[in-house]
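To be precise, the following lines are work-v2.csv, and they hold CSV, N, CA and C atoms.
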```csv
chain,number,residue,atom,x,y,z
J,15,MET,N,145.8,93.1,93.5
J,15,MET,CA,144.7,93.0,94.3
J,15,MET,C,143.8,94.2,94.3
J,16,GLY,N,144.4,95.4,94.1
J,16,GLY,CA,143.6,96.6,94.0
J,16,GLY,C,142.8,96.7,92.8
J,17,ARG,N,143.4,96.1,91.7
J,17,ARG,CA,142.6,96.1,90.4
J,17,ARG,C,141.4,95.2,90.6
J,18,LEU,N,141.5,94.1,91.2
J,18,LEU,CA,140.4,93.2,91.4
J,18,LEU,C,139.3,93.8,92.2
J,19,ILE,N,139.6,94.5,93.3
J,19,ILE,CA,138.6,95.2,94.1
J,19,ILE,C,137.9,96.3,93.3
J,20,LYS,N,138.7,97.0,92.6
J,20,LYS,CA,138.2,98.1,91.7
J,20,LYS,C,137.2,97.5,90.7
J,21,GLY,N,137.6,96.4,90.1
J,21,GLY,CA,136.8,95.8,89.1
J,21,GLY,C,135.5,95.3,89.7
J,22,ILE,N,135.5,94.7,90.8
J,22,ILE,CA,134.3,94.2,91.5
J,22,ILE,C,133.4,95.3,91.9
J,23,PHE,N,134.0,96.4,92.4
J,23,PHE,CA,133.2,97.6,92.7
J,23,PHE,C,132.5,98.2,91.5
J,24,ILE,N,133.2,98.3,90.3
J,24,ILE,CA,132.6,98.8,89.1
J,24,ILE,C,131.5,97.8,88.6
J,25,LEU,N,131.7,96.5,88.7
J,25,LEU,CA,130.7,95.6,88.3
J,25,LEU,C,129.5,95.7,89.2
J,26,PHE,N,129.7,95.8,90.5
J,26,PHE,CA,128.6,95.9,91.5
J,26,PHE,C,127.8,97.2,91.2
J,27,SER,N,128.5,98.3,90.9
J,27,SER,CA,127.8,99.5,90.6
J,27,SER,C,127.0,99.4,89.4
J,28,LEU,N,127.5,98.8,88.3
J,28,LEU,CA,126.7,98.6,87.1
J,28,LEU,C,125.5,97.7,87.4
J,29,ILE,N,125.6,96.7,88.2
J,29,ILE,CA,124.4,95.9,88.5
J,29,ILE,C,123.4,96.7,89.2
J,30,LEU,N,123.8,97.5,90.2
J,30,LEU,CA,122.9,98.3,90.9
J,30,LEU,C,122.2,99.3,90.0
J,31,MET,N,122.9,100.0,89.1
J,31,MET,CA,122.3,101.0,88.2
J,31,MET,C,121.3,100.3,87.3
J,32,THR,N,121.7,99.1,86.8
J,32,THR,CA,120.8,98.4,85.9
J,32,THR,C,119.5,98.0,86.6
J,33,ALA,N,119.6,97.5,87.8
J,33,ALA,CA,118.5,97.1,88.6
J,33,ALA,C,117.6,98.3,88.9
J,34,ALA,N,118.2,99.5,89.2
J,34,ALA,CA,117.4,100.7,89.4
J,34,ALA,C,116.7,101.1,88.2
J,35,LEU,N,117.3,101.1,87.0
J,35,LEU,CA,116.7,101.5,85.8
J,35,LEU,C,115.5,100.6,85.5
J,36,ILE,N,115.7,99.3,85.6
J,36,ILE,CA,114.6,98.3,85.4
J,36,ILE,C,113.4,98.6,86.3
J,37,LYS,N,113.7,98.8,87.6
J,37,LYS,CA,112.6,99.1,88.5
J,37,LYS,C,111.8,100.3,88.2
J,38,TYR,N,112.5,101.4,87.9
J,38,TYR,CA,111.8,102.7,87.7
J,38,TYR,C,111.2,102.8,86.3
J,39,ASN,N,111.6,102.0,85.4
J,39,ASN,CA,111.0,102.0,84.0
J,39,ASN,C,109.8,101.1,83.9
J,40,GLN,N,109.5,100.2,84.9
J,40,GLN,CA,108.4,99.3,84.8
J,40,GLN,C,107.2,100.0,85.6
J,41,PRO,N,106.0,99.7,85.1
J,41,PRO,CA,104.8,100.2,85.9
J,41,PRO,C,104.9,99.5,87.3
J,42,SER,N,104.5,100.3,88.3
J,42,SER,CA,104.5,99.8,89.6
J,42,SER,C,103.5,98.7,89.8
J,43,PHE,N,103.9,97.8,90.7
J,43,PHE,CA,103.0,96.6,91.1
J,43,PHE,C,101.7,97.2,91.6
J,44,GLU,N,101.7,98.2,92.5
J,44,GLU,CA,100.5,98.8,93.1
J,44,GLU,C,99.6,99.3,92.0
J,45,HIS,N,100.2,100.1,91.1
J,45,HIS,CA,99.4,100.6,90.0
J,45,HIS,C,98.7,99.5,89.1
J,46,THR,N,99.5,98.5,88.9
J,46,THR,CA,98.9,97.4,88.1
J,46,THR,C,97.8,96.7,88.9
J,47,MET,N,98.0,96.5,90.2
J,47,MET,CA,96.9,95.9,91.0
J,47,MET,C,95.7,96.8,91.0
J,48,GLN,N,95.8,98.1,91.1
J,48,GLN,CA,94.7,99.0,91.1
J,48,GLN,C,93.9,98.9,89.8
J,49,LYS,N,94.6,98.8,88.6
J,49,LYS,CA,94.0,98.6,87.3
J,49,LYS,C,93.2,97.3,87.3
J,50,ASN,N,93.8,96.3,87.8
J,50,ASN,CA,93.2,95.0,87.8
J,50,ASN,C,91.9,95.0,88.7
J,51,HIS,N,92.0,95.7,89.9
J,51,HIS,CA,90.9,95.8,90.8
J,51,HIS,C,89.8,96.6,90.1
J,52,ASP,N,90.1,97.7,89.4
J,52,ASP,CA,89.1,98.4,88.7
J,52,ASP,C,88.4,97.6,87.6
J,53,LEU,N,89.2,96.8,86.9
J,53,LEU,CA,88.6,96.0,85.8
J,53,LEU,C,87.7,95.0,86.4
J,54,VAL,N,88.1,94.3,87.5
J,54,VAL,CA,87.2,93.4,88.1
J,54,VAL,C,85.9,94.0,88.6
J,55,TYR,N,86.1,95.2,89.2
J,55,TYR,CA,84.9,96.0,89.6
J,55,TYR,C,84.0,96.3,88.5
J,56,ALA,N,84.5,96.7,87.4
J,56,ALA,CA,83.7,97.1,86.2
J,56,ALA,C,82.9,95.8,85.7
J,57,GLU,N,83.6,94.7,85.7
J,57,GLU,CA,82.9,93.5,85.3
J,57,GLU,C,81.8,93.1,86.3
J,58,GLU,N,82.1,93.2,87.6
J,58,GLU,CA,81.1,92.9,88.6
J,58,GLU,C,79.9,93.8,88.5
J,59,ILE,N,80.1,95.1,88.3
J,59,ILE,CA,79.0,96.1,88.2
J,59,ILE,C,78.2,95.8,87.0
J,60,GLY,N,78.8,95.4,85.9
J,60,GLY,CA,78.1,95.1,84.7
J,60,GLY,C,77.1,94.0,84.9
J,61,GLY,N,77.6,93.0,85.6
J,61,GLY,CA,76.7,91.8,86.0
J,61,GLY,C,75.6,92.3,86.9
J,62,LYS,N,75.9,93.1,87.9
J,62,LYS,CA,74.8,93.6,88.8
J,62,LYS,C,73.8,94.5,88.0
J,63,LEU,N,74.3,95.3,87.1
J,63,LEU,CA,73.3,96.1,86.3
J,63,LEU,C,72.3,95.3,85.5
J,64,GLN,N,72.8,94.2,85.0
J,64,GLN,CA,71.9,93.3,84.2
J,64,GLN,C,71.0,92.5,85.2
J,65,GLN,N,71.6,92.0,86.3
J,65,GLN,CA,70.9,91.2,87.2
J,65,GLN,C,69.7,91.9,87.9
J,66,THR,N,70.0,93.2,88.2
J,66,THR,CA,69.0,94.0,88.9
J,66,THR,C,68.0,94.7,87.9
J,67,LYS,N,68.3,94.6,86.6
J,67,LYS,CA,67.5,95.3,85.6
J,67,LYS,C,67.5,96.8,85.8
J,68,PHE,N,68.7,97.3,86.1
J,68,PHE,CA,68.9,98.7,86.5
J,68,PHE,C,68.4,99.6,85.4
J,69,THR,N,68.8,99.3,84.1
J,69,THR,CA,68.5,100.2,83.0
J,69,THR,C,66.9,100.3,82.9
J,70,GLN,N,66.2,99.2,82.9
J,70,GLN,CA,64.8,99.2,82.8
J,70,GLN,C,64.2,100.0,84.0
J,71,LYS,N,64.7,99.8,85.2
J,71,LYS,CA,64.2,100.6,86.3
J,71,LYS,C,64.3,102.1,86.1
J,72,ILE,N,65.5,102.5,85.6
J,72,ILE,CA,65.7,103.9,85.4
J,72,ILE,C,64.7,104.4,84.3
J,73,ILE,N,64.5,103.7,83.2
J,73,ILE,CA,63.6,104.1,82.2
J,73,ILE,C,62.2,104.3,82.7
J,74,VAL,N,61.8,103.2,83.4
J,74,VAL,CA,60.4,103.3,84.0
J,74,VAL,C,60.2,104.4,84.9
J,75,ALA,N,61.2,104.6,85.8
J,75,ALA,CA,61.1,105.7,86.8
J,75,ALA,C,61.1,107.1,86.1
J,76,LEU,N,61.9,107.3,85.1
J,76,LEU,CA,62.0,108.5,84.4
J,76,LEU,C,60.7,108.8,83.7
J,77,ARG,N,60.1,107.8,83.0
J,77,ARG,CA,58.8,108.0,82.4
J,77,ARG,C,57.7,108.3,83.4
J,78,ALA,N,57.8,107.7,84.5
J,78,ALA,CA,56.8,108.0,85.6
J,78,ALA,C,56.9,109.4,86.1
J,79,ALA,N,58.1,110.0,86.0
J,79,ALA,CA,58.3,111.3,86.4
J,79,ALA,C,58.0,112.3,85.3
J,80,GLY,N,57.6,111.8,84.1
J,80,GLY,CA,57.2,112.7,83.0
J,80,GLY,C,58.3,113.0,82.0
J,81,TYR,N,59.4,112.2,82.1
J,81,TYR,CA,60.4,112.4,81.1
J,81,TYR,C,60.3,111.4,80.0
J,82,SER,N,60.9,111.6,78.8
J,82,SER,CA,60.9,110.7,77.7
J,82,SER,C,62.3,110.2,77.4
J,83,PRO,N,62.8,109.3,78.2
J,83,PRO,CA,64.1,108.8,77.9
J,83,PRO,C,64.2,107.9,76.7
J,84,ASP,N,65.4,107.8,76.1
J,84,ASP,CA,65.6,106.9,75.0
J,84,ASP,C,65.6,105.5,75.6
J,85,SER,N,65.4,104.5,74.8
J,85,SER,CA,65.3,103.1,75.4
J,85,SER,C,66.7,102.5,75.8
J,86,THR,N,67.7,103.2,75.5
J,86,THR,CA,69.1,102.7,75.9
J,86,THR,C,69.7,103.7,76.8
J,87,ILE,N,70.6,103.2,77.7
J,87,ILE,CA,71.3,104.1,78.6
J,87,ILE,C,72.8,103.6,78.5
J,88,GLY,N,73.7,104.6,78.5
J,88,GLY,CA,75.1,104.3,78.4
J,88,GLY,C,75.8,104.3,79.8
J,89,TYR,N,76.7,103.5,80.0
J,89,TYR,CA,77.5,103.4,81.2
J,89,TYR,C,79.0,103.6,81.0
J,90,LEU,N,79.7,104.3,81.8
J,90,LEU,CA,81.1,104.3,81.8
J,90,LEU,C,81.5,104.1,83.3
J,91,ILE,N,82.1,102.9,83.5
J,91,ILE,CA,82.4,102.4,84.8
J,91,ILE,C,84.0,102.3,84.9
J,92,GLU,N,84.6,103.1,85.7
J,92,GLU,CA,86.1,103.0,85.8
J,92,GLU,C,86.4,102.5,87.2
J,93,SER,N,85.6,102.9,88.2
J,93,SER,CA,85.9,102.5,89.6
J,93,SER,C,84.6,102.8,90.4
J,94,PRO,N,84.5,102.3,91.7
J,94,PRO,CA,83.4,102.7,92.5
J,94,PRO,C,83.2,104.2,92.6
J,95,ASN,N,84.2,104.9,92.5
J,95,ASN,CA,84.1,106.4,92.7
J,95,ASN,C,84.0,107.1,91.4
J,96,ASN,N,84.0,106.4,90.3
J,96,ASN,CA,83.9,107.0,89.0
J,96,ASN,C,83.0,106.2,88.1
J,97,GLN,N,81.7,106.5,88.2
J,97,GLN,CA,80.7,105.8,87.5
J,97,GLN,C,79.8,106.8,86.8
J,98,VAL,N,79.6,106.7,85.5
J,98,VAL,CA,78.8,107.7,84.8
J,98,VAL,C,77.7,107.0,84.1
J,99,VAL,N,76.5,107.5,84.1
J,99,VAL,CA,75.4,107.0,83.4
J,99,VAL,C,75.0,108.1,82.4
J,100,THR,N,74.8,107.8,81.1
J,100,THR,CA,74.4,108.7,80.1
J,100,THR,C,73.0,108.4,79.7
J,101,ILE,N,72.1,109.4,79.8
J,101,ILE,CA,70.7,109.2,79.5
J,101,ILE,C,70.3,110.2,78.4
J,102,GLN,N,69.7,109.8,77.4
J,102,GLN,CA,69.2,110.6,76.3
J,102,GLN,C,67.7,110.9,76.5
J,103,LEU,N,67.3,112.1,76.6
J,103,LEU,CA,65.9,112.5,76.8
J,103,LEU,C,65.4,113.1,75.5
J,104,HIS,N,64.2,112.8,75.1
J,104,HIS,CA,63.5,113.3,73.9
J,104,HIS,C,62.5,114.4,74.3
J,105,ASN,N,62.4,115.4,73.5
J,105,ASN,CA,61.3,116.4,73.6
J,105,ASN,C,61.2,117.0,74.9
J,106,LEU,N,62.3,117.5,75.4
J,106,LEU,CA,62.3,118.2,76.7
J,106,LEU,C,62.5,119.7,76.4
J,107,ASP,N,61.4,120.5,76.7
J,107,ASP,CA,61.5,121.9,76.3
J,107,ASP,C,62.5,122.7,77.2
J,108,GLU,N,62.6,122.3,78.4
J,108,GLU,CA,63.4,123.1,79.3
J,108,GLU,C,64.3,122.1,80.1
J,109,PHE,N,65.6,122.4,80.2
J,109,PHE,CA,66.5,121.6,80.9
J,109,PHE,C,67.3,122.6,81.8
J,110,ASP,N,67.2,122.4,83.1
J,110,ASP,CA,67.9,123.3,84.0
J,110,ASP,C,68.5,122.5,85.1
J,111,LYS,N,69.1,123.1,86.1
J,111,LYS,CA,69.7,122.4,87.2
J,111,LYS,C,68.7,121.6,88.0
J,112,SER,N,67.5,122.1,88.2
J,112,SER,CA,66.5,121.3,89.0
J,112,SER,C,66.1,120.0,88.2
J,113,THR,N,66.1,120.1,86.9
J,113,THR,CA,65.8,118.9,86.1
J,113,THR,C,66.9,117.9,86.3
J,114,GLU,N,68.1,118.4,86.1
J,114,GLU,CA,69.3,117.5,86.3
J,114,GLU,C,69.4,116.9,87.7
J,115,SER,N,69.1,117.7,88.7
J,115,SER,CA,69.1,117.2,90.1
J,115,SER,C,68.1,116.2,90.3
J,116,GLU,N,66.9,116.3,89.7
J,116,GLU,CA,65.8,115.4,89.9
J,116,GLU,C,66.2,114.0,89.2
J,117,ILE,N,66.8,114.1,88.0
J,117,ILE,CA,67.2,112.9,87.3
J,117,ILE,C,68.3,112.2,88.1
J,118,GLN,N,69.3,113.0,88.6
J,118,GLN,CA,70.4,112.5,89.4
J,118,GLN,C,69.8,111.7,90.6
J,119,TYR,N,68.8,112.4,91.3
J,119,TYR,CA,68.2,111.8,92.5
J,119,TYR,C,67.5,110.4,92.1
J,120,ILE,N,66.8,110.4,91.0
J,120,ILE,CA,66.1,109.2,90.6
J,120,ILE,C,67.1,108.1,90.4
J,121,VAL,N,68.1,108.3,89.6
J,121,VAL,CA,69.1,107.3,89.3
J,121,VAL,C,69.8,106.8,90.6
J,122,ASN,N,70.2,107.7,91.4
J,122,ASN,CA,70.9,107.3,92.6
J,122,ASN,C,70.0,106.6,93.7
J,123,THR,N,68.7,107.0,93.7
J,123,THR,CA,67.8,106.2,94.6
J,123,THR,C,67.7,104.8,94.1
J,124,ILE,N,67.6,104.6,92.8
J,124,ILE,CA,67.5,103.2,92.2
J,124,ILE,C,68.8,102.5,92.5
J,125,ALA,N,69.9,103.2,92.4
J,125,ALA,CA,71.2,102.5,92.6
J,125,ALA,C,71.3,102.1,94.1
J,126,LYS,N,70.9,103.0,95.0
J,126,LYS,CA,71.0,102.7,96.4
J,126,LYS,C,70.0,101.5,96.8
J,127,ASN,N,68.8,101.5,96.2
J,127,ASN,CA,67.9,100.4,96.4
J,127,ASN,C,68.4,99.1,95.9
J,128,ASN,N,69.3,99.1,95.0
J,128,ASN,CA,69.9,97.9,94.4
J,128,ASN,C,71.3,97.6,94.8
J,129,ASN,N,71.7,98.2,96.0
J,129,ASN,CA,73.0,98.1,96.5
J,129,ASN,C,74.2,98.4,95.6
J,130,LEU,N,74.0,99.4,94.8
J,130,LEU,CA,75.0,99.9,93.9
J,130,LEU,C,75.6,101.2,94.4
J,131,GLN,N,76.8,101.6,93.9
J,131,GLN,CA,77.4,102.9,94.2
J,131,GLN,C,76.6,104.0,93.4
J,132,THR,N,76.8,105.2,93.8
J,132,THR,CA,76.2,106.3,93.1
J,132,THR,C,76.8,106.5,91.8
J,133,PHE,N,76.0,107.2,90.9
J,133,PHE,CA,76.5,107.5,89.6
J,133,PHE,C,76.5,109.0,89.3
J,134,MET,N,77.4,109.5,88.5
J,134,MET,CA,77.3,110.8,88.0
J,134,MET,C,76.4,110.7,86.7
J,135,VAL,N,75.4,111.6,86.6
J,135,VAL,CA,74.5,111.5,85.5
J,135,VAL,C,74.8,112.5,84.4
J,136,ASP,N,74.9,112.1,83.2
J,136,ASP,CA,75.1,112.9,82.0
J,136,ASP,C,73.8,112.9,81.2
J,137,VAL,N,73.1,114.0,81.1
J,137,VAL,CA,71.9,114.0,80.3
J,137,VAL,C,72.1,114.7,79.0
J,138,LYS,N,71.7,114.0,77.9
J,138,LYS,CA,71.8,114.5,76.6
J,138,LYS,C,70.4,114.7,76.1
J,139,LEU,N,70.2,115.9,75.5
J,139,LEU,CA,68.8,116.2,75.0
J,139,LEU,C,68.8,115.9,73.5
J,140,ILE,N,67.7,115.2,73.1
J,140,ILE,CA,67.5,114.9,71.7
J,140,ILE,C,66.1,115.4,71.4
J,141,ASN,N,66.0,116.5,70.6
J,141,ASN,CA,64.7,117.0,70.3
J,141,ASN,C,64.2,116.5,68.9
J,142,VAL,N,63.1,115.7,69.1
J,142,VAL,CA,62.5,115.1,67.9
J,142,VAL,C,61.1,115.7,67.8
J,143,HIS,N,60.8,116.5,66.8
J,143,HIS,CA,59.5,117.1,66.6
J,143,HIS,C,58.8,116.6,65.4
```

Taking this structure as input, can you express it in the form of structure tokens?
Amino acid sequence: MGRLIKGIFILFSLILMTAALIKYNQPSFEHTMQKNHDLVYAEEIGGKLQQTKFTQKIIVALRAAGYSPDSTIGYLIESPNNQVVTIQLHNLDEFDKSTESEIQYIVNTIAKNNNLQTFMVDVKLINVH
């Protein structure tokens, strides 16, 4: 009888250790859900950007402010808190913090007016003479 109890105890211990290893080696359900939520958000925001003509509005606003943006704008959307817009500007003689702040303000004003989250703005200078 003692051997039977000892055998059951060992078998039960092995089952528990196997279950623990499986649980800790798999990605967590919460982490997977967050990734799915971020992917859904990225797809939704892509649709909103097209629907609101966000890119065209940025280009028009930047040109009205005296800048020469490229005709394309790049987006990196990971989550509502991590959105980056990349803008390429041509023939800008001087680029400083005030220029960057003004462009950031223009982009985020347009975002707010279109019920979008704010963006971090990455400005790239392209000098064509």

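Pairwise distance (CA of Lys111 (chain J), atom C of Ile91 (chain J)) equals 24.8 Å.
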
- Tell me, in Å to one decimal, how far CA of Ser85 (chain J) is from CA of Ile73 (chain J).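 Between CA of Ser85 (chain J) and CA of Ile73 (chain J) the gap works out to 7.1 Å.
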
- So how many Å separate atom N of Gln97 (chain J) and atom C of Gln131 (chain J), to one decimal? 7.7 Å

- Message: Can you tell me which residues surround Asn96 (chain J) at a distance of at most 7 Å, considering all atoms listed in the file, apart from same-chain residues fewer than 6 positions away, and format the answer as a list of chain:residue names?
- Response: J:Leu90, J:Phe133, J:Met134

Find the spatial neighbours of Thr132 (chain J), counting only N, CA and C atoms, within a cut-off of 8 Å - ignore same-chain residues fewer than 6 positions away - and output them as an mmCIF file with N, CA and C atoms, in the coordinates of the input.
```
data_model
loop_
_atom_site.group_PDB
_atom_site.id
_atom_site.type_symbol
_atom_site.label_atom_id
_atom_site.label_comp_id
_atom_site.auth_asym_id
_atom_site.auth_seq_id
_atom_site.Cartn_x
_atom_site.Cartn_y
_atom_site.Cartn_z
ATOM 1 N N PRO J 94 84.500 102.300 91.700
ATOM 2 C CA PRO J 94 83.400 102.700 92.500
ATOM 3 C C PRO J 94 83.200 104.200 92.600
ATOM 4 N N ASN J 95 84.200 104.900 92.500
ATOM 5 C CA ASN J 95 84.100 106.400 92.700
ATOM 6 C C ASN J 95 84.000 107.100 91.400
ATOM 7 N N ASN J 96 84.000 106.400 90.300
ATOM 8 C CA ASN J 96 83.900 107.000 89.000
ATOM 9 C C ASN J 96 83.000 106.200 88.100
ATOM 10 N N GLN J 97 81.700 106.500 88.200
ATOM 11 C CA GLN J 97 80.700 105.800 87.500
ATOM 12 C C GLN J 97 79.800 106.800 86.800
ATOM 13 N N VAL J 98 79.600 106.700 85.500
ATOM 14 C CA VAL J 98 78.800 107.700 84.800
ATOM 15 C C VAL J 98 77.700 107.000 84.100
ATOM 16 N N VAL J 99 76.500 107.500 84.100
ATOM 17 C CA VAL J 99 75.400 107.000 83.400
ATOM 18 C C VAL J 99 75.000 108.100 82.400
ATOM 19 N N VAL J 121 68.100 108.300 89.600
ATOM 20 C CA VAL J 121 69.100 107.300 89.300
ATOM 21 C C VAL J 121 69.800 106.800 90.600
ATOM 22 N N ASN J 122 70.200 107.700 91.400
ATOM 23 C CA ASN J 122 70.900 107.300 92.600
ATOM 24 C C ASN J 122 70.000 106.600 93.700
ATOM 25 N N THR J 123 68.700 107.000 93.700
ATOM 26 C CA THR J 123 67.800 106.200 94.600
ATOM 27 C C THR J 123 67.700 104.800 94.100
ATOM 28 N N ALA J 125 69.900 103.200 92.400
ATOM 29 C CA ALA J 125 71.200 102.500 92.600
ATOM 30 C C ALA J 125 71.300 102.100 94.100
ATOM 31 N N LYS J 126 70.900 103.000 95.000
ATOM 32 C CA LYS J 126 71.000 102.700 96.400
ATOM 33 C C LYS J 126 70.000 101.500 96.800
#
```

- Using only C-alpha atoms, determine which residues lie at most 12 Å from Thr113 (chain J), disregarding the query and same-chain residues fewer than 4 positions distant; provide the list as a PyMOL selection string. chain J and resi 76+79-81+103+106-109+117-120+135-137+139

- For region 59-65 of chain J, please output as a VMD selection string all residues within 8 Å (counting only C-alpha atoms; exclusion window: fewer than 4 positions along the same chain). chain J and resid 55 69 91 130

- Query: Taking all atoms listed in the file into account, which of J:Asn127, J:Ser112, J:Lys138, J:Arg77 comes nearest Thr100 (chain J)?
  - Reply: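 Going through J:Asn127, J:Ser112, J:Lys138, J:Arg77 one by one, the smallest distance to Thr100 (chain J) is for J:Lys138.
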